[in-house]
$ cat target-v5.pdb   # PDB, C-alpha atoms
ATOM      1  CA  MET A   4       0.000   0.000   0.000
ATOM      2  CA  GLU A   5       1.310   3.457  -0.906
ATOM      3  CA  PHE A   6       2.224   5.574   2.131
ATOM      4  CA  TYR A   7      -0.019   8.624   2.656
ATOM      5  CA  ASN A   8       0.298  11.537   5.090
ATOM      6  CA  PHE A   9      -2.465  12.991   7.233
ATOM      7  CA  LEU A  10       0.181  14.902   9.180
ATOM      8  CA  ASN A  11      -0.735  18.436   8.132
ATOM      9  CA  ASP A  12      -2.334  20.628   5.461
ATOM     10  CA  TYR A  13       0.865  21.882   3.839
ATOM     11  CA  SER A  14       2.538  18.687   2.610
ATOM     12  CA  GLU A  15       1.552  19.413  -0.981
ATOM     13  CA  GLY A  16       2.777  22.321  -3.108
ATOM     14  CA  ALA A  17       0.227  24.767  -4.489
ATOM     15  CA  HIS A  18      -2.978  24.877  -6.506
ATOM     16  CA  PRO A  19      -2.302  24.739 -10.296
ATOM     17  CA  ASN A  20      -3.839  28.201 -10.853
ATOM     18  CA  ILE A  21      -1.127  29.692  -8.672
ATOM     19  CA  LEU A  22       1.673  27.776 -10.330
ATOM     20  CA  ASP A  23       0.393  28.709 -13.793
ATOM     21  CA  GLU A  24       0.405  32.430 -13.034
ATOM     22  CA  LEU A  25       3.795  32.296 -11.339
ATOM     23  CA  ILE A  26       5.152  30.844 -14.588
ATOM     24  CA  SER A  27       3.210  33.082 -16.998
ATOM     25  CA  THR A  28       4.289  36.287 -15.188
ATOM     26  CA  ASN A  29       7.816  35.124 -14.475
ATOM     27  CA  LEU A  30       9.634  37.494 -16.854
ATOM     28  CA  ILE A  31       7.381  40.512 -16.355
ATOM     29  CA  GLN A  32       9.373  43.128 -14.465
ATOM     30  CA  GLN A  33       7.780  44.551 -11.341
ATOM     31  CA  GLU A  34       8.592  46.807  -8.406
ATOM     32  CA  GLY A  35       9.920  45.069  -5.304
ATOM     33  CA  TYR A  36       8.932  44.837  -1.645
ATOM     34  CA  GLY A  37       5.198  44.432  -2.199
ATOM     35  CA  ASP A  38       4.797  47.461  -4.446
ATOM     36  CA  ASP A  39       4.156  45.275  -7.496
ATOM     37  CA  ASP A  40       0.899  45.087  -9.440
ATOM     38  CA  TYR A  41       0.071  41.614  -8.127
ATOM     39  CA  CYS A  42       0.272  42.587  -4.445
ATOM     40  CA  THR A  43      -1.836  45.661  -5.188
ATOM     41  CA  GLN A  44      -4.473  43.563  -6.976
ATOM     42  CA  ALA A  45      -4.422  40.942  -4.222
ATOM     43  CA  ALA A  46      -4.795  43.547  -1.467
ATOM     44  CA  ASN A  47      -7.758  45.120  -3.262
ATOM     45  CA  LEU A  48      -9.395  41.701  -3.661
ATOM     46  CA  VAL A  49      -8.935  41.012   0.048
ATOM     47  CA  ARG A  50     -10.360  44.428   0.982
ATOM     48  CA  LYS A  51     -13.383  43.763  -1.204
ATOM     49  CA  GLU A  52     -13.900  40.311   0.305
ATOM     50  CA  ILE A  53     -13.656  41.521   3.892
ATOM     51  CA  GLY A  54     -15.818  44.546   3.163
ATOM     52  CA  ASN A  55     -13.374  47.081   4.546
ATOM     53  CA  PRO A  56     -11.809  49.369   1.904
ATOM     54  CA  ASP A  57      -9.784  51.121   4.611
ATOM     55  CA  ALA A  58      -8.005  48.008   5.920
ATOM     56  CA  ASP A  59      -4.229  47.810   5.595
ATOM     57  CA  ILE A  60      -3.114  44.549   3.970
ATOM     58  CA  HIS A  61       0.420  43.196   4.312
ATOM     59  CA  PHE A  62       1.753  39.956   2.833
ATOM     60  CA  VAL A  63       4.341  37.944   4.767
ATOM     61  CA  ALA A  64       5.904  34.506   4.419
ATOM     62  CA  GLY A  65       4.427  32.553   7.325
ATOM     63  CA  GLY A  66       2.127  32.362  10.315
ATOM     64  CA  THR A  67       4.738  32.587  13.074
ATOM     65  CA  GLN A  68       6.179  35.624  11.333
ATOM     66  CA  ALA A  69       2.743  37.247  11.129
ATOM     67  CA  ASN A  70       2.044  36.640  14.826
ATOM     68  CA  MET A  71       5.429  37.960  15.940
ATOM     69  CA  LEU A  72       5.262  41.009  13.666
ATOM     70  CA  CYS A  73       1.828  42.028  14.920
ATOM     71  CA  SER A  74       2.578  41.548  18.599
ATOM     72  CA  SER A  75       5.863  43.454  18.360
ATOM     73  CA  ALA A  76       4.295  46.303  16.376
ATOM     74  CA  PHE A  77       1.117  46.668  18.413
ATOM     75  CA  LEU A  78       2.502  46.418  21.955
ATOM     76  CA  LYS A  79       4.693  48.538  24.191
ATOM     77  CA  PRO A  80       7.610  46.649  25.809
ATOM     78  CA  TYR A  81       5.789  46.202  29.132
ATOM     79  CA  GLU A  82       2.514  45.011  27.572
ATOM     80  CA  SER A  83       1.544  41.340  27.364
ATOM     81  CA  ILE A  84      -0.675  38.925  25.453
ATOM     82  CA  VAL A  85      -3.561  36.893  26.879
ATOM     83  CA  ALA A  86      -3.883  33.520  25.128
ATOM     84  CA  PRO A  87      -5.115  29.975  25.789
ATOM     85  CA  LYS A  88      -2.488  27.445  26.906
ATOM     86  CA  THR A  89      -2.992  25.566  23.652
ATOM     87  CA  ALA A  90      -2.196  28.661  21.541
ATOM     88  CA  HIS A  91       0.273  28.315  18.687
ATOM     89  CA  ILE A  92       2.323  31.240  20.024
ATOM     90  CA  GLU A  93       2.661  29.447  23.382
ATOM     91  CA  ILE A  94       3.584  25.952  22.163
ATOM     92  CA  HIS A  95       4.807  25.908  18.583
ATOM     93  CA  GLU A  96       6.656  29.154  17.883
ATOM     94  CA  ALA A  97       9.941  28.568  19.735
ATOM     95  CA  GLY A  98       9.471  31.606  21.953
ATOM     96  CA  ALA A  99       9.107  34.033  19.025
ATOM     97  CA  ILE A 100       6.760  36.293  20.987
ATOM     98  CA  GLU A 101       9.012  36.301  24.044
ATOM     99  CA  PHE A 102      12.042  36.944  21.819
ATOM    100  CA  ALA A 103      10.265  40.063  20.562
ATOM    101  CA  GLY A 104       9.976  41.150  24.195
ATOM    102  CA  HIS A 105       6.454  40.245  25.298
ATOM    103  CA  LYS A 106       5.132  37.947  27.995
ATOM    104  CA  ILE A 107       2.254  35.577  27.205
ATOM    105  CA  ASN A 108      -0.333  35.298  29.999
ATOM    106  CA  THR A 109      -1.918  31.889  29.413
ATOM    107  CA  VAL A 110      -5.316  30.668  30.564
ATOM    108  CA  GLU A 111      -6.900  27.222  30.459
ATOM    109  CA  ALA A 112      -8.398  26.431  27.070
ATOM    110  CA  HIS A 113     -12.009  25.312  26.690
ATOM    111  CA  ASN A 114     -11.977  23.096  23.597
ATOM    112  CA  GLY A 115      -9.143  25.292  22.380
ATOM    113  CA  LYS A 116     -11.020  28.524  23.085
ATOM    114  CA  ILE A 117     -10.705  31.408  25.510
ATOM    115  CA  LEU A 118     -13.650  32.720  27.550
ATOM    116  CA  PRO A 119     -14.431  36.419  28.175
ATOM    117  CA  ALA A 120     -14.362  35.931  31.939
ATOM    118  CA  GLN A 121     -10.785  34.657  31.703
ATOM    119  CA  ILE A 122      -9.752  37.864  29.958
ATOM    120  CA  GLU A 123     -11.332  39.979  32.675
ATOM    121  CA  GLU A 124      -9.709  37.932  35.432
ATOM    122  CA  MET A 125      -6.283  38.279  33.808
ATOM    123  CA  VAL A 126      -6.632  42.047  33.409
ATOM    124  CA  GLU A 127      -7.769  42.572  36.990
ATOM    125  CA  PHE A 128      -4.973  40.369  38.354
ATOM    126  CA  HIS A 129      -2.341  42.689  36.838
ATOM    127  CA  TYR A 130      -3.022  45.860  38.794
ATOM    128  CA  ASP A 131       0.201  47.882  39.221
ATOM    129  CA  GLU A 132       3.528  48.906  37.684
ATOM    130  CA  HIS A 133       5.348  45.851  39.087
ATOM    131  CA  MET A 134       3.488  43.655  36.596
ATOM    132  CA  VAL A 135       3.040  43.481  32.855
ATOM    133  CA  VAL A 136      -0.063  45.089  31.376
ATOM    134  CA  PRO A 137      -2.325  42.730  29.390
ATOM    135  CA  LYS A 138      -3.084  44.560  26.146
ATOM    136  CA  LEU A 139      -3.721  42.018  23.363
ATOM    137  CA  VAL A 140      -5.959  38.949  23.292
ATOM    138  CA  PHE A 141      -4.699  36.238  20.957
ATOM    139  CA  ILE A 142      -7.026  33.562  19.588
ATOM    140  CA  SER A 143      -6.882  31.216  16.597
ATOM    141  CA  ASN A 144      -9.748  30.367  14.256
ATOM    142  CA  THR A 145      -9.824  27.473  13.731
ATOM    143  CA  THR A 146      -8.234  26.754  17.091
ATOM    144  CA  GLU A 147      -5.277  24.418  17.488
ATOM    145  CA  LEU A 148      -7.817  21.677  18.281
ATOM    146  CA  GLY A 149      -9.854  22.279  15.134
ATOM    147  CA  SER A 150     -12.754  23.967  16.906
ATOM    148  CA  VAL A 151     -14.492  27.011  15.433
ATOM    149  CA  TYR A 152     -15.459  30.273  17.144
ATOM    150  CA  LYS A 153     -19.119  31.194  16.706
ATOM    151  CA  LYS A 154     -20.211  34.775  16.043
ATOM    152  CA  GLN A 155     -21.668  35.219  19.525
ATOM    153  CA  GLU A 156     -18.447  33.963  21.129
ATOM    154  CA  LEU A 157     -16.335  36.447  19.174
ATOM    155  CA  GLN A 158     -18.775  39.235  19.935
ATOM    156  CA  LYS A 159     -18.494  38.628  23.677
ATOM    157  CA  ILE A 160     -14.699  38.409  23.517
ATOM    158  CA  SER A 161     -14.629  41.638  21.505
ATOM    159  CA  GLU A 162     -16.893  43.388  24.012
ATOM    160  CA  MET A 163     -14.622  42.333  26.867
ATOM    161  CA  CYS A 164     -11.584  43.604  24.984
ATOM    162  CA  LYS A 165     -13.266  46.964  24.378
ATOM    163  CA  LYS A 166     -14.277  47.187  28.045
ATOM    164  CA  TYR A 167     -10.624  47.085  29.103
ATOM    165  CA  GLY A 168      -9.030  48.730  26.060
ATOM    166  CA  LEU A 169      -7.447  45.537  24.738
ATOM    167  CA  TYR A 170      -6.731  44.639  21.118
ATOM    168  CA  LEU A 171      -8.192  41.451  19.645
ATOM    169  CA  TYR A 172      -5.888  39.620  17.250
ATOM    170  CA  ILE A 173      -6.953  36.442  15.418
ATOM    171  CA  ASP A 174      -4.444  33.958  14.034
ATOM    172  CA  GLY A 175      -6.126  32.881  10.797
ATOM    173  CA  ALA A 176      -3.610  30.304   9.606
ATOM    174  CA  ARG A 177      -6.614  27.993   9.119
ATOM    175  CA  LEU A 178      -9.255  30.702   8.737
ATOM    176  CA  GLY A 179     -10.473  29.142   5.475
ATOM    177  CA  ALA A 180     -11.292  25.913   7.319
ATOM    178  CA  ALA A 181     -13.156  27.903   9.973
ATOM    179  CA  LEU A 182     -15.233  29.919   7.507
ATOM    180  CA  THR A 183     -16.268  26.836   5.498
ATOM    181  CA  SER A 184     -16.983  24.644   8.524
ATOM    182  CA  LYS A 185     -20.563  23.428   8.934
ATOM    183  CA  SER A 186     -20.346  24.772  12.484
ATOM    184  CA  ASN A 187     -19.524  28.292  11.323
ATOM    185  CA  ASP A 188     -22.035  31.157  11.388
ATOM    186  CA  LEU A 189     -19.579  33.950  10.577
ATOM    187  CA  SER A 190     -18.570  35.603   7.300
ATOM    188  CA  LEU A 191     -15.150  37.068   6.585
ATOM    189  CA  SER A 192     -16.682  40.539   6.408
ATOM    190  CA  GLU A 193     -18.317  40.101   9.833
ATOM    191  CA  LEU A 194     -14.937  39.242  11.340
ATOM    192  CA  ASN A 195     -13.941  42.890  10.935
ATOM    193  CA  GLN A 196     -16.590  43.948  13.439
ATOM    194  CA  PHE A 197     -14.656  42.157  16.176
ATOM    195  CA  ALA A 198     -10.949  41.941  15.334
ATOM    196  CA  ASP A 199      -8.488  44.825  15.426
ATOM    197  CA  ALA A 200      -6.205  42.733  13.242
ATOM    198  CA  TYR A 201      -5.972  39.180  11.961
ATOM    199  CA  SER A 202      -4.174  36.984   9.476
ATOM    200  CA  ILE A 203      -5.553  35.063   6.511
ATOM    201  CA  GLY A 204      -3.588  31.891   5.962
ATOM    202  CA  GLY A 205      -2.440  30.867   2.517
ATOM    203  CA  THR A 206       0.232  28.322   3.464
ATOM    204  CA  LYS A 207      -2.349  25.866   4.837
ATOM    205  CA  ASN A 208      -4.917  26.501   2.119
ATOM    206  CA  GLY A 209      -3.378  25.908  -1.273
ATOM    207  CA  ALA A 210      -0.573  28.477  -1.484
ATOM    208  CA  LEU A 211       3.123  27.662  -1.697
ATOM    209  CA  LEU A 212       3.615  30.018   1.225
ATOM    210  CA  GLY A 213       2.239  33.233   2.591
ATOM    211  CA  GLU A 214      -0.171  34.901   4.992
ATOM    212  CA  ALA A 215      -2.097  38.144   4.589
ATOM    213  CA  ILE A 216      -2.140  40.433   7.629
ATOM    214  CA  VAL A 217      -5.303  42.539   7.870
ATOM    215  CA  ILE A 218      -5.148  45.620  10.130
ATOM    216  CA  ASN A 219      -8.506  47.264  10.818
ATOM    217  CA  ASN A 220      -7.707  49.477  13.794
ATOM    218  CA  PRO A 221      -6.248  52.801  12.545
ATOM    219  CA  ALA A 222      -4.163  53.091  15.721
ATOM    220  CA  LEU A 223      -2.205  49.971  14.735
ATOM    221  CA  LYS A 224      -1.400  50.871  11.139
ATOM    222  CA  GLU A 225       1.356  53.454  11.523
ATOM    223  CA  ARG A 226       4.697  52.446   9.965
ATOM    224  CA  PHE A 227       3.949  48.734  10.083
ATOM    225  CA  ARG A 228       6.196  48.220   7.057
ATOM    226  CA  TYR A 229       9.130  49.571   9.084
ATOM    227  CA  ASN A 230       8.506  46.775  11.566
ATOM    228  CA  MET A 231       8.359  44.264   8.710
ATOM    229  CA  LYS A 232      11.660  45.486   7.281
ATOM    230  CA  GLN A 233      13.425  45.447  10.626
ATOM    231  CA  LYS A 234      12.428  41.826  11.221
ATOM    232  CA  GLY A 235      13.227  40.520   7.747
ATOM    233  CA  ALA A 236       9.631  40.199   6.573
ATOM    234  CA  LEU A 237       9.639  42.814   3.802
ATOM    235  CA  ILE A 238      10.854  40.574   0.997
ATOM    236  CA  ALA A 239      12.144  41.936  -2.314
ATOM    237  CA  LYS A 240      10.114  39.524  -4.441
ATOM    238  CA  GLY A 241       6.825  40.201  -2.679
ATOM    239  CA  ARG A 242       5.133  39.452  -6.008
ATOM    240  CA  ILE A 243       5.443  35.744  -5.188
ATOM    241  CA  ILE A 244       2.955  36.088  -2.320
ATOM    242  CA  GLY A 245       0.813  38.681  -4.116
ATOM    243  CA  ILE A 246       0.205  36.359  -7.079
ATOM    244  CA  GLN A 247      -0.877  33.597  -4.734
ATOM    245  CA  PHE A 248      -3.431  35.689  -2.839
ATOM    246  CA  LYS A 249      -4.657  37.208  -6.092
ATOM    247  CA  ASN A 250      -5.559  33.695  -7.228
ATOM    248  CA  LEU A 251      -6.932  32.555  -3.870
ATOM    249  CA  PHE A 252      -9.397  35.455  -3.837
ATOM    250  CA  THR A 253     -10.464  35.092  -7.462
ATOM    251  CA  ASP A 254     -13.681  33.137  -8.182
ATOM    252  CA  GLY A 255     -13.930  31.897  -4.593
ATOM    253  CA  LEU A 256     -10.908  29.596  -4.837
ATOM    254  CA  TYR A 257      -9.970  30.244  -1.190
ATOM    255  CA  TYR A 258     -13.303  28.858  -0.010
ATOM    256  CA  LYS A 259     -13.368  25.964  -2.491
ATOM    257  CA  LEU A 260     -10.011  24.664  -1.306
ATOM    258  CA  ALA A 261     -10.935  24.929   2.377
ATOM    259  CA  THR A 262     -14.283  23.249   1.727
ATOM    260  CA  HIS A 263     -12.545  20.241   0.175
ATOM    261  CA  ALA A 264     -10.259  19.903   3.211
ATOM    262  CA  ASN A 265     -13.237  20.001   5.569
ATOM    263  CA  LEU A 266     -15.231  17.506   3.507
ATOM    264  CA  MET A 267     -12.376  14.989   3.500
ATOM    265  CA  ALA A 268     -11.932  15.356   7.263
ATOM    266  CA  ALA A 269     -15.686  14.958   7.760
ATOM    267  CA  LYS A 270     -15.615  11.739   5.757
ATOM    268  CA  LEU A 271     -12.800  10.431   7.950
ATOM    269  CA  ALA A 272     -14.680  11.446  11.097
ATOM    270  CA  GLU A 273     -17.953   9.870   9.953
ATOM    271  CA  GLY A 274     -16.190   6.641   9.027
ATOM    272  CA  LEU A 275     -14.418   6.449  12.371
ATOM    273  CA  ALA A 276     -17.634   7.202  14.277
ATOM    274  CA  GLU A 277     -19.483   4.480  12.365
ATOM    275  CA  LYS A 278     -16.819   2.034  13.537
ATOM    276  CA  GLY A 279     -17.414   3.058  17.147
ATOM    277  CA  TYR A 280     -14.425   5.313  17.784
ATOM    278  CA  LYS A 281     -14.810   8.447  19.922
ATOM    279  CA  PHE A 282     -13.141  11.837  19.624
ATOM    280  CA  PHE A 283     -11.091  13.975  21.996
ATOM    281  CA  ILE A 284     -12.991  17.009  20.691
ATOM    282  CA  SER A 285     -16.034  17.053  18.405
ATOM    283  CA  PRO A 286     -14.852  17.333  14.754
ATOM    284  CA  GLU A 287     -15.631  20.718  13.203
ATOM    285  CA  SER A 288     -12.983  21.382  10.563
ATOM    286  CA  ASN A 289     -10.073  19.823   8.679
ATOM    287  CA  GLN A 290      -8.306  18.690  11.870
ATOM    288  CA  ILE A 291      -9.859  15.775  13.737
ATOM    289  CA  PHE A 292      -8.702  14.055  16.932
ATOM    290  CA  PRO A 293      -9.948  10.460  17.247
ATOM    291  CA  ILE A 294      -9.085   8.245  20.214
ATOM    292  CA  LEU A 295      -7.572   4.994  18.962
ATOM    293  CA  PRO A 296      -6.139   1.842  20.592
ATOM    294  CA  LYS A 297      -2.336   1.816  20.676
ATOM    295  CA  GLU A 298      -2.181  -1.505  18.824
ATOM    296  CA  LEU A 299      -4.258  -0.087  15.981
ATOM    297  CA  ILE A 300      -2.128   3.060  15.866
ATOM    298  CA  ALA A 301       1.019   0.958  15.472
ATOM    299  CA  LYS A 302      -0.493  -0.894  12.520
ATOM    300  CA  LEU A 303      -1.778   2.270  10.840
ATOM    301  CA  GLU A 304       1.615   3.974  11.127
ATOM    302  CA  LYS A 305       3.050   1.477   8.652
ATOM    303  CA  ASN A 306       1.023   3.011   5.823
ATOM    304  CA  PHE A 307      -0.153   6.420   7.059
ATOM    305  CA  GLY A 308       1.477   9.468   8.616
ATOM    306  CA  PHE A 309      -0.208  11.307  11.514
ATOM    307  CA  TYR A 310       0.655  12.807  14.887
ATOM    308  CA  ILE A 311       0.065  11.080  18.198
ATOM    309  CA  TRP A 312      -1.327  14.132  19.970
ATOM    310  CA  THR A 313      -1.508  12.973  23.578
ATOM    311  CA  LYS A 314      -1.955   9.894  25.731
ATOM    312  CA  TYR A 315      -5.607   9.177  26.547
ATOM    313  CA  ASP A 316      -5.304   6.169  28.873
ATOM    314  CA  GLU A 317      -3.076   3.113  29.294
ATOM    315  CA  ASN A 318      -4.406   1.456  26.151
ATOM    316  CA  SER A 319      -5.214   4.346  23.798
ATOM    317  CA  SER A 320      -4.005   7.693  22.512
ATOM    318  CA  VAL A 321      -5.438  10.748  20.789
ATOM    319  CA  VAL A 322      -4.155  11.138  17.233
ATOM    320  CA  ARG A 323      -4.437  14.130  14.934
ATOM    321  CA  LEU A 324      -5.572  13.591  11.356
ATOM    322  CA  VAL A 325      -5.400  16.599   9.024
ATOM    323  CA  CYS A 326      -6.856  16.938   5.537
ATOM    324  CA  SER A 327      -5.814  19.534   2.985
ATOM    325  CA  TRP A 328      -7.038  21.267  -0.158
ATOM    326  CA  ALA A 329      -5.443  18.401  -2.105
ATOM    327  CA  THR A 330      -6.301  15.371   0.042
ATOM    328  CA  ASP A 331      -7.039  12.389  -2.193
ATOM    329  CA  GLU A 332     -10.435  10.883  -1.373
ATOM    330  CA  LYS A 333      -9.057   7.468  -2.320
ATOM    331  CA  ALA A 334      -6.519   7.841   0.496
ATOM    332  CA  VAL A 335      -9.354   8.586   2.916
ATOM    333  CA  ASP A 336     -11.109   5.428   1.741
ATOM    334  CA  ARG A 337      -7.882   3.426   2.159
ATOM    335  CA  PHE A 338      -7.458   4.714   5.714
ATOM    336  CA  LEU A 339     -10.991   3.754   6.666
ATOM    337  CA  LYS A 340     -10.561   0.350   5.046
ATOM    338  CA  ALA A 341      -7.355  -0.147   7.022
ATOM    339  CA  ILE A 342      -9.232   0.722  10.218
TER
END
$ encode --input "target-v5.pdb" --output "structure tokens"
Amino acid sequence: MEFYNFLNDYSEGAHPNILDELISTNLIQQEGYGDDDYCTQAANLVRKEIGNPDADIHFVAGGTQANMLCSSAFLKPYESIVAPKTAHIEIHEAGAIEFAGHKINTVEAHNGKILPAQIEEMVEFHYDEHMVVPKLVFISNTTELGSVYKKQELQKISEMCKKYGLYLYIDGARLGAALTSKSNDLSLSELNQFADAYSIGGTKNGALLGEAIVINNPALKERFRYNMKQKGALIAKGRIIGIQFKNLFTDGLYYKLATHANLMAAKLAEGLAEKGYKFFISPESNQIFPILPKELIAKLEKNFGFYIWTKYDENSSVVRLVCSWATDEKAVDRFLKAI
């Protein structure tokens, strides 16, 4: 049996539309550092899609870079970030936020999410100049556990942030999966009502690389490109990312690719549930977390790649299965047959 990976949603290259335009425009000369025609077109397409013509759009190489750039640009040295303990910036970014000079105040996650009351408690706990000042709330949508924030949840988080003068930043590395989830009740344009800034992930949704940073709050826009340049994010051939987002936001491709990833994950989840297996968290997007016997995991690992997420009990573990824009449905069928 051919080996197949359900490790992540960036094992493949890029959608053919992107590759075709990268080739067809290859010898057309353009300005550098994001001032090219393709970045301009892509930014305008993003502004139209989000329904905010005044938003600043910046294209960077990756998600960790986007998170670090925004936190370092938005915060004073003594200000901190409130985030769930499962947050990407806390676990999987090698201390990038701390390296930029900011403490992360973590709270217990509830299915990967943060609750408004936890924000309030964290703000009130830090009460004088001997402590850091919580100033930015960091959440991911989808979360690191594949769960999706509902509109009402974001509204309440946003209201709490406004109550205490905090910024709300959303890591959207898998925002496409969130917006096309059957559990979702939020549009991309509605997101702007709640978030001061957020990222739109391309790397995990059919691009070779790249994230779009959207800044809504006018107070956070000033000289952001200086911050990008200082930290190595203002790349000379910005056209490479601009072309990709231009294609992703043409004819709904961004949503089509994310929908496929979610559908493949849903098929995996339904097949596993039919066979009697339970889940660590209810499947909502392209990441699912079934609980499987260790003996079965050992057999599956011979033909399929996936992460063992955490130990569940003496005889079983939670594994993470991830589907992408390019996941082969035949591979999903093979996995379920192997089960």
$ atom_distance --input "target-v5.pdb" --atom1 "atom CA of A:Gly213" --atom2 "atom CA of A:Met71"
14.5 Å
$ residues_around --input "target-v5.pdb" --residues "stretch 93-101 of chain A" --least-positions-apart "6" --cutoff "9 Å" --atoms "only C-alpha atoms" --output "PDB file with C-alpha atoms, in the coordinates of the input"
ATOM      1  CA  THR A  67       4.738  32.587  13.074  1.00  0.00           C
ATOM      2  CA  GLN A  68       6.179  35.624  11.333  1.00  0.00           C
ATOM      3  CA  ASN A  70       2.044  36.640  14.826  1.00  0.00           C
ATOM      4  CA  MET A  71       5.429  37.960  15.940  1.00  0.00           C
ATOM      5  CA  LEU A  72       5.262  41.009  13.666  1.00  0.00           C
ATOM      6  CA  SER A  74       2.578  41.548  18.599  1.00  0.00           C
ATOM      7  CA  SER A  75       5.863  43.454  18.360  1.00  0.00           C
ATOM      8  CA  ALA A  86      -3.883  33.520  25.128  1.00  0.00           C
ATOM      9  CA  PRO A  87      -5.115  29.975  25.789  1.00  0.00           C
ATOM     10  CA  ILE A 107       2.254  35.577  27.205  1.00  0.00           C
ATOM     11  CA  THR A 109      -1.918  31.889  29.413  1.00  0.00           C
TER      12      THR A 109
END
$ atom_distance --input "target-v5.pdb" --atom1 "atom CA of A:Ala200" --atom2 "atom CA of A:Leu171"
6.8 Å
$ closest_atom_pairs --input "target-v5.pdb" --of "stretch 247-270 of chain A" --to "stretch 176-180 of chain A" --cutoff "8 Å" --atoms "only C-alpha atoms" --output "CSV"
residue,atom,partner,partner_atom,distance
A:Tyr257,CA,A:Gly179,CA,6.8
A:Tyr258,CA,A:Gly179,CA,6.2
A:Ala261,CA,A:Ala180,CA,5.1
A:Thr262,CA,A:Ala180,CA,6.9
A:Ala264,CA,A:Ala180,CA,7.4
A:Asn265,CA,A:Ala180,CA,6.5
$ resolve_selection --input "target-v5.pdb" --expression "the PyMOL selection byres ((chain A and resi 44-50) around 8)" --output "PDB file with C-alpha atoms, in the frame of the given file"
ATOM      1  CA  ASP A  40       0.899  45.087  -9.440  1.00  0.00           C
ATOM      2  CA  TYR A  41       0.071  41.614  -8.127  1.00  0.00           C
ATOM      3  CA  CYS A  42       0.272  42.587  -4.445  1.00  0.00           C
ATOM      4  CA  THR A  43      -1.836  45.661  -5.188  1.00  0.00           C
ATOM      5  CA  LYS A  51     -13.383  43.763  -1.204  1.00  0.00           C
ATOM      6  CA  GLU A  52     -13.900  40.311   0.305  1.00  0.00           C
ATOM      7  CA  ILE A  53     -13.656  41.521   3.892  1.00  0.00           C
ATOM      8  CA  GLY A  54     -15.818  44.546   3.163  1.00  0.00           C
ATOM      9  CA  ASN A  55     -13.374  47.081   4.546  1.00  0.00           C
ATOM     10  CA  PRO A  56     -11.809  49.369   1.904  1.00  0.00           C
ATOM     11  CA  ASP A  57      -9.784  51.121   4.611  1.00  0.00           C
ATOM     12  CA  ALA A  58      -8.005  48.008   5.920  1.00  0.00           C
ATOM     13  CA  ILE A  60      -3.114  44.549   3.970  1.00  0.00           C
ATOM     14  CA  HIS A  61       0.420  43.196   4.312  1.00  0.00           C
ATOM     15  CA  GLY A 245       0.813  38.681  -4.116  1.00  0.00           C
ATOM     16  CA  ILE A 246       0.205  36.359  -7.079  1.00  0.00           C
ATOM     17  CA  PHE A 248      -3.431  35.689  -2.839  1.00  0.00           C
ATOM     18  CA  LYS A 249      -4.657  37.208  -6.092  1.00  0.00           C
ATOM     19  CA  ASN A 250      -5.559  33.695  -7.228  1.00  0.00           C
ATOM     20  CA  PHE A 252      -9.397  35.455  -3.837  1.00  0.00           C
ATOM     21  CA  THR A 253     -10.464  35.092  -7.462  1.00  0.00           C
TER      22      THR A 253
END
$ atom_distance --input "target-v5.pdb" --atom1 "atom CA of A:Val321" --atom2 "atom CA of A:Phe282"
7.9 Å
$ residues_around --input "target-v5.pdb" --residues "A:Tyr172" --least-positions-apart "4" --cutoff "6 Å" --atoms "only C-alpha atoms" --output "VMD selection string"
chain A and resid 141 198 200 to 201
$ closest_residue --input "target-v5.pdb" --among "A:Asn220, A:Ser143, A:Gln196, A:Gly204" --to "A:Gln155" --atoms "all atoms listed in the file"
A:Gln196
$ closest_residue --input "target-v5.pdb" --among "A:Gly205, A:Gly37, A:Gly104, A:Gly255" --to "A:Gly16" --atoms "only C-alpha atoms"
A:Gly205
$ resolve_selection --input "target-v5.pdb" --expression "the PyMOL selection byres ((chain A and resi 269) around 10)" --output "VMD selection string"
chain A and resid 184 to 185 263 to 268 270 to 275 286 to 291 326
$ write_last_selection --input "target-v5.pdb" --atoms "C-alpha atoms" --output "short mmCIF file (atom, residue, chain, number, x, y, z; two decimals), keeping the file's coordinate frame"
data_model
loop_
_atom_site.label_atom_id
_atom_site.label_comp_id
_atom_site.auth_asym_id
_atom_site.auth_seq_id
_atom_site.Cartn_x
_atom_site.Cartn_y
_atom_site.Cartn_z
CA SER A 184 -16.98 24.64 8.52
CA LYS A 185 -20.56 23.43 8.93
CA HIS A 263 -12.54 20.24 0.18
CA ALA A 264 -10.26 19.90 3.21
CA ASN A 265 -13.24 20.00 5.57
CA LEU A 266 -15.23 17.51 3.51
CA MET A 267 -12.38 14.99 3.50
CA ALA A 268 -11.93 15.36 7.26
CA LYS A 270 -15.62 11.74 5.76
CA LEU A 271 -12.80 10.43 7.95
CA ALA A 272 -14.68 11.45 11.10
CA GLU A 273 -17.95 9.87 9.95
CA GLY A 274 -16.19 6.64 9.03
CA LEU A 275 -14.42 6.45 12.37
CA PRO A 286 -14.85 17.33 14.75
CA GLU A 287 -15.63 20.72 13.20
CA SER A 288 -12.98 21.38 10.56
CA ASN A 289 -10.07 19.82 8.68
CA GLN A 290 -8.31 18.69 11.87
CA ILE A 291 -9.86 15.78 13.74
CA CYS A 326 -6.86 16.94 5.54
#
$ closest_residue --input "target-v5.pdb" --among "A:Cys164, A:Val85, A:Leu223, A:Ile243" --to "A:Glu24" --atoms "all atoms listed in the file"
A:Ile243
$ residues_around --input "target-v5.pdb" --residues "A:Asn219" --least-positions-apart "2" --cutoff "7 Å" --atoms "only C-alpha atoms" --output "number ranges by chain"
A: 58-59, 195, 199-200, 217, 221
$ closest_residue --input "target-v5.pdb" --among "A:Glu5, A:Glu127, A:Asp174, A:Glu277" --to "A:Thr146" --atoms "all atoms listed in the file"
A:Asp174
